[in-house]
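First comes the structure, then the notes that go with it.
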2 protein chains.
Amino acid sequence: MGIENDLLLRTIAKEKVERPPIWLMRQAGRILPEYRAIRQSLSGFIELVTTPHLAAEVTVQPVDILGVDAAIIFSDILVIPEAMGLPYELIEKKGPYFPETISSASQIENLLQGEKAAERLTYVYDALTHTKRLLGNRVPLIGFSGAPWTLFSYMLEGQGSKTFSKAKAFLYKEPKLAHILLDKITETIIAYLRLKIQSGVDVVQVFDSWAGLLNESLYKEFCIPYLRRIRESITDVPVIIFSKGAYFAMEDIINLSPDVIGIDWTLSAAAFRSDHGHDMVAQGNLDPCVLYGHPEHITRQVTDTINDFGGRHIFNLGHGVYPDTPLDNVKHLINQVQSYRY
Amino acid sequence: MGIENDLLLRTIAKEKVERPPIWLMRQAGRILPEYRAIRQSLSGFIELVTTPHLAAEVTVQPVDILGVDAAIIFSDILVIPEAMGLPYELIEKKGPYFPETISSASQIENLLQGEKAAERLTYVYDALTHTKRLLGNRVPLIGFSGAPWTLFSYMLEGQGSKTFSKAKAFLYKEPKLAHILLDKITETIIAYLRLKIQSGVDVVQVFDSWAGLLNESLYKEFCIPYLRRIRESITDVPVIIFSKGAYFAMEDIINLSPDVIGIDWTLSAAAFRSDHGHDMVAQGNLDPCVLYGHPEHITRQVTDTINDFGGRHIFNLGHGVYPDTPLDNVKHLINQVQSYRY
């Protein structure tokens, strides 16, 4: 029962392919009017995340409407803190908010972890089962998780922040406690990804969205060991690691041997290849703001990006697609990538 | 009439010095109870910026209280858009807000520029005159400006943003108009810095706070040419360029021959020296969050940072000091740097 469009999987396997596959971070989202219609009929984002048949429906929309080469399950990275006992809310136009945040050893002690926590997220696994049915083997399905540091940073900070200085302060003030919490989060991520794999995902991506707030020495101490444990625990499906902004830790991440490394738009494809070689499969990295520009300019940037990566490349943006991106430009982008030939 | 403590100037002149000088971005600010006392007596931040004798008083506070090796005038980068005809407000806990933002050619056309704009900022020059009197030649006085791109980004976006996608979209959609606006901003910055120099500043620093949202190709096109013009127009005093997050443009910035290059905490001193050599005078780059940790840890990081830069180094944080930093740790930091000997 093979996947019809297996371009993503062949690229990850380092086979010779005719063009890069393309999918977009946040492709299941506000760029699609069909998504907005479903979203508006609900009380909020979290209702959509926790209602399996609706999450499945919006997951499949970009495959149906845009023809992308992979689906990624519609969900949120903050379901893991919730499963561990730290629920969040999503405040319109402000983002996530945790009524309770972590500041003490006893709170960390009380958090659920591992399978016990991950098993609570039945709505995610149900959404995956629904999605597999709707997709019908057309394209691979990607499951994902936040990385330990990124989840930790929300659990300490309680909300988005320009500096995440509370979360970072904890690394400096309470390194031992920080490691205990990162360990519990990591065990939960591993159990969660395994349950996702049992529910049918073909690839997993780990998002370290706030990696760029650290530096090489913090990343080596508080991130790499946990990413390594995740990488080594997931052997059934390929693993993509996307540490946004972590230009300073590229070699450390490559040394983890992820199947794919995600790259944001600040690191050029040419610089990545010249500094880190042509062996790694790279995913990225068009600046999402390029999609506000003229189609001819998009075409040029697509060609340059593909040429500069020179193969072993999954086309994506360097960040999630912004909600107000003109849909015609998104379609143009996908069309340009899909008509490219190496 | 020399400056008594000229360690900063000798370091910039690449003379052999006994230790790195230290000052902190945002040293005149909320970390000091004496600052908070003055600030609380006023209607808002902007009143403090626009009242010369008070701006001078808070500028000198960190010299009196902390014994730093330089003063930096208390002001705000957004006085330049205001002088050009785009006033801003500061909303408590939210940050800057521009009631009107730039979106059209005619708005750009109508902006004041150059001397005509810069001359309106008399309160800044008056604050400098007051400051020089209060300082009495104890330490050098640093004047500053936002960089063209950073000011541009606020003028387009109207407020802080995680992505500044409106401002970046304008670069892609309307590159010609963007250049016209960047040109006007640049002319104003140059006139402004010249008037500051006439008012007695000994060094100027250009802050490109949102550099890290771009990439090498955008930085080369929309930032470097304007920074070059500023660099070449300021010959009377040394110029520090601090492009936060612009790891991808380090060589381009070094090629501008600034007297000093500012470095944020994400780029390690060791990596900077090994990639870019030992010739440049570097300013930075301790992670401001280190100051939330234990004094012994601060001591270790100070020593490592100074050793890794290996001379030609102005000690600073890699970002402004955060308002809730424990004052005792700030004092410990300064003490550690000032008791170091090469």
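For the structure tokens, the naming scheme is as follows: chains receive sequential letters (A, B, ...) according to their order of presentation, residues are indexed from 1 within each chain, and ligands are indexed from 1 in presentation order.
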Each residue of chain B with at least one atom at most 8 Å from chain A should appear once, together with its nearest atom pair and the corresponding distance in Å (one decimal); atoms considered: only C-alpha atoms; ordering: chain, then increasing residue number; output as CSV.
```
residue,atom,partner,partner_atom,distance
B:Lys162,CA,A:Lys162,CA,7.3
B:Ser165,CA,A:Cys289,CA,6.3
B:Lys168,CA,A:Cys289,CA,6.3
B:Ala169,CA,A:Cys289,CA,5.4
B:Tyr172,CA,A:Gly293,CA,4.9
B:Lys173,CA,A:Gly293,CA,4.5
B:Gly212,CA,A:Thr266,CA,7.5
B:Leu213,CA,A:Thr266,CA,7.3
B:Leu214,CA,A:Thr266,CA,6.3
B:Asn215,CA,A:Thr266,CA,4.5
B:Glu216,CA,A:Thr266,CA,7.2
B:Phe248,CA,A:Leu267,CA,6.8
B:Trp265,CA,A:Asn215,CA,6.8
B:Thr266,CA,A:Asn215,CA,4.5
B:Leu267,CA,A:Phe248,CA,6.8
B:Ser268,CA,A:Glu216,CA,7.4
B:Cys289,CA,A:Ala169,CA,5.4
B:Val290,CA,A:Tyr172,CA,6.3
B:Tyr292,CA,A:Ala169,CA,5.5
B:Gly293,CA,A:Lys173,CA,4.5
B:His294,CA,A:Lys173,CA,6.5
```
Residues within 8 Å of Glu100 (chain A), please, as an MDAnalysis selection string. Count only C-alpha atoms; anything in the same chain fewer than 5 positions from it doesn't count. chainID A and resid 86:87 158
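If only C-alpha atoms are the atoms counted, then among B:Leu24, B:Ile46, B:Ala37, B:Ala105 the closest residue to Ala71 (chain B) is B:Leu24.
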When DSSP is applied to the backbone of this structure, which of region 93-259 of chain B are assigned strand (DSSP E or B)? Write them out as a list in words.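 Going through region 93-259 of chain B, the strand (DSSP E or B) residues come out as Gly95, Pro96, Tyr97, Leu141, Ile142, Gly143, Phe144, Ser145, Gly146, Gln159, Val203, Val204, Gln205, Val206, Phe207, Asp208, Val239, Ile240, Ile241, Phe242 and Ser243 of chain B.
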Out of region 101-190 of chain B, which residues get alpha helix (DSSP H) from DSSP, as a VMD selection string? chain B and resid 105 to 110 114 to 118 122 to 135 148 to 157 165 to 173 175 to 190
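Coordinates place CA of Gly85 (chain A) at a distance of 27.0 Å from CA of Ala28 (chain A).
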For Met250 (chain B), which of B:Ile224, B:Val68, B:Ile306, B:Ile230 is the closest residue, counting only C-alpha atoms?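 When distances to Met250 (chain B) are compared using only C-alpha atoms, the smallest one comes from B:Ile224.
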Just the residues within 8 Å of Phe222 (chain B), please, counting only C-alpha atoms, with nothing from its chain fewer than 5 positions along; format it as a PyMOL selection string. chain B and resi 149+171+179+182
Written file, previous selection with N, CA and C atoms, as a compact mmCIF listing (two decimals), in the first residue's frame:
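Final file, result_21.txt:
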```txt
# COMPACT_ATOMS: atom_id res chain seq x y z
N TRP B 149 17.06 51.01 8.33
CA TRP B 149 16.08 49.92 8.23
C TRP B 149 15.21 49.83 9.49
N LEU B 171 9.49 46.07 1.25
CA LEU B 171 10.78 45.92 0.55
C LEU B 171 10.61 45.09 -0.72
N HIS B 179 13.51 52.45 -1.21
CA HIS B 179 14.80 53.15 -1.30
C HIS B 179 14.64 54.66 -1.11
N LEU B 182 14.22 55.14 2.62
CA LEU B 182 15.48 54.86 3.33
C LEU B 182 16.48 55.99 3.10
```
If you count only C-alpha atoms, the residue of A:Asp69, A:Asp64, A:Asp183, A:Glu157 closest to Leu8 (chain A) turns out to be A:Asp69
Write out as a list in words which residues come within 9 Å of Leu227 (chain B) when counting only C-alpha atoms, dropping same-chain ones fewer than 5 positions away. Ala147, Pro148, Thr186, Val206, Glu232, Ile241, Ile253 and Leu256 of chain B
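Candidate residues B:Lys196, B:Arg30, B:Arg138, B:Arg228 were compared for distance to Asn5 (chain B), and the nearest is B:Arg138, using only C-alpha atoms.
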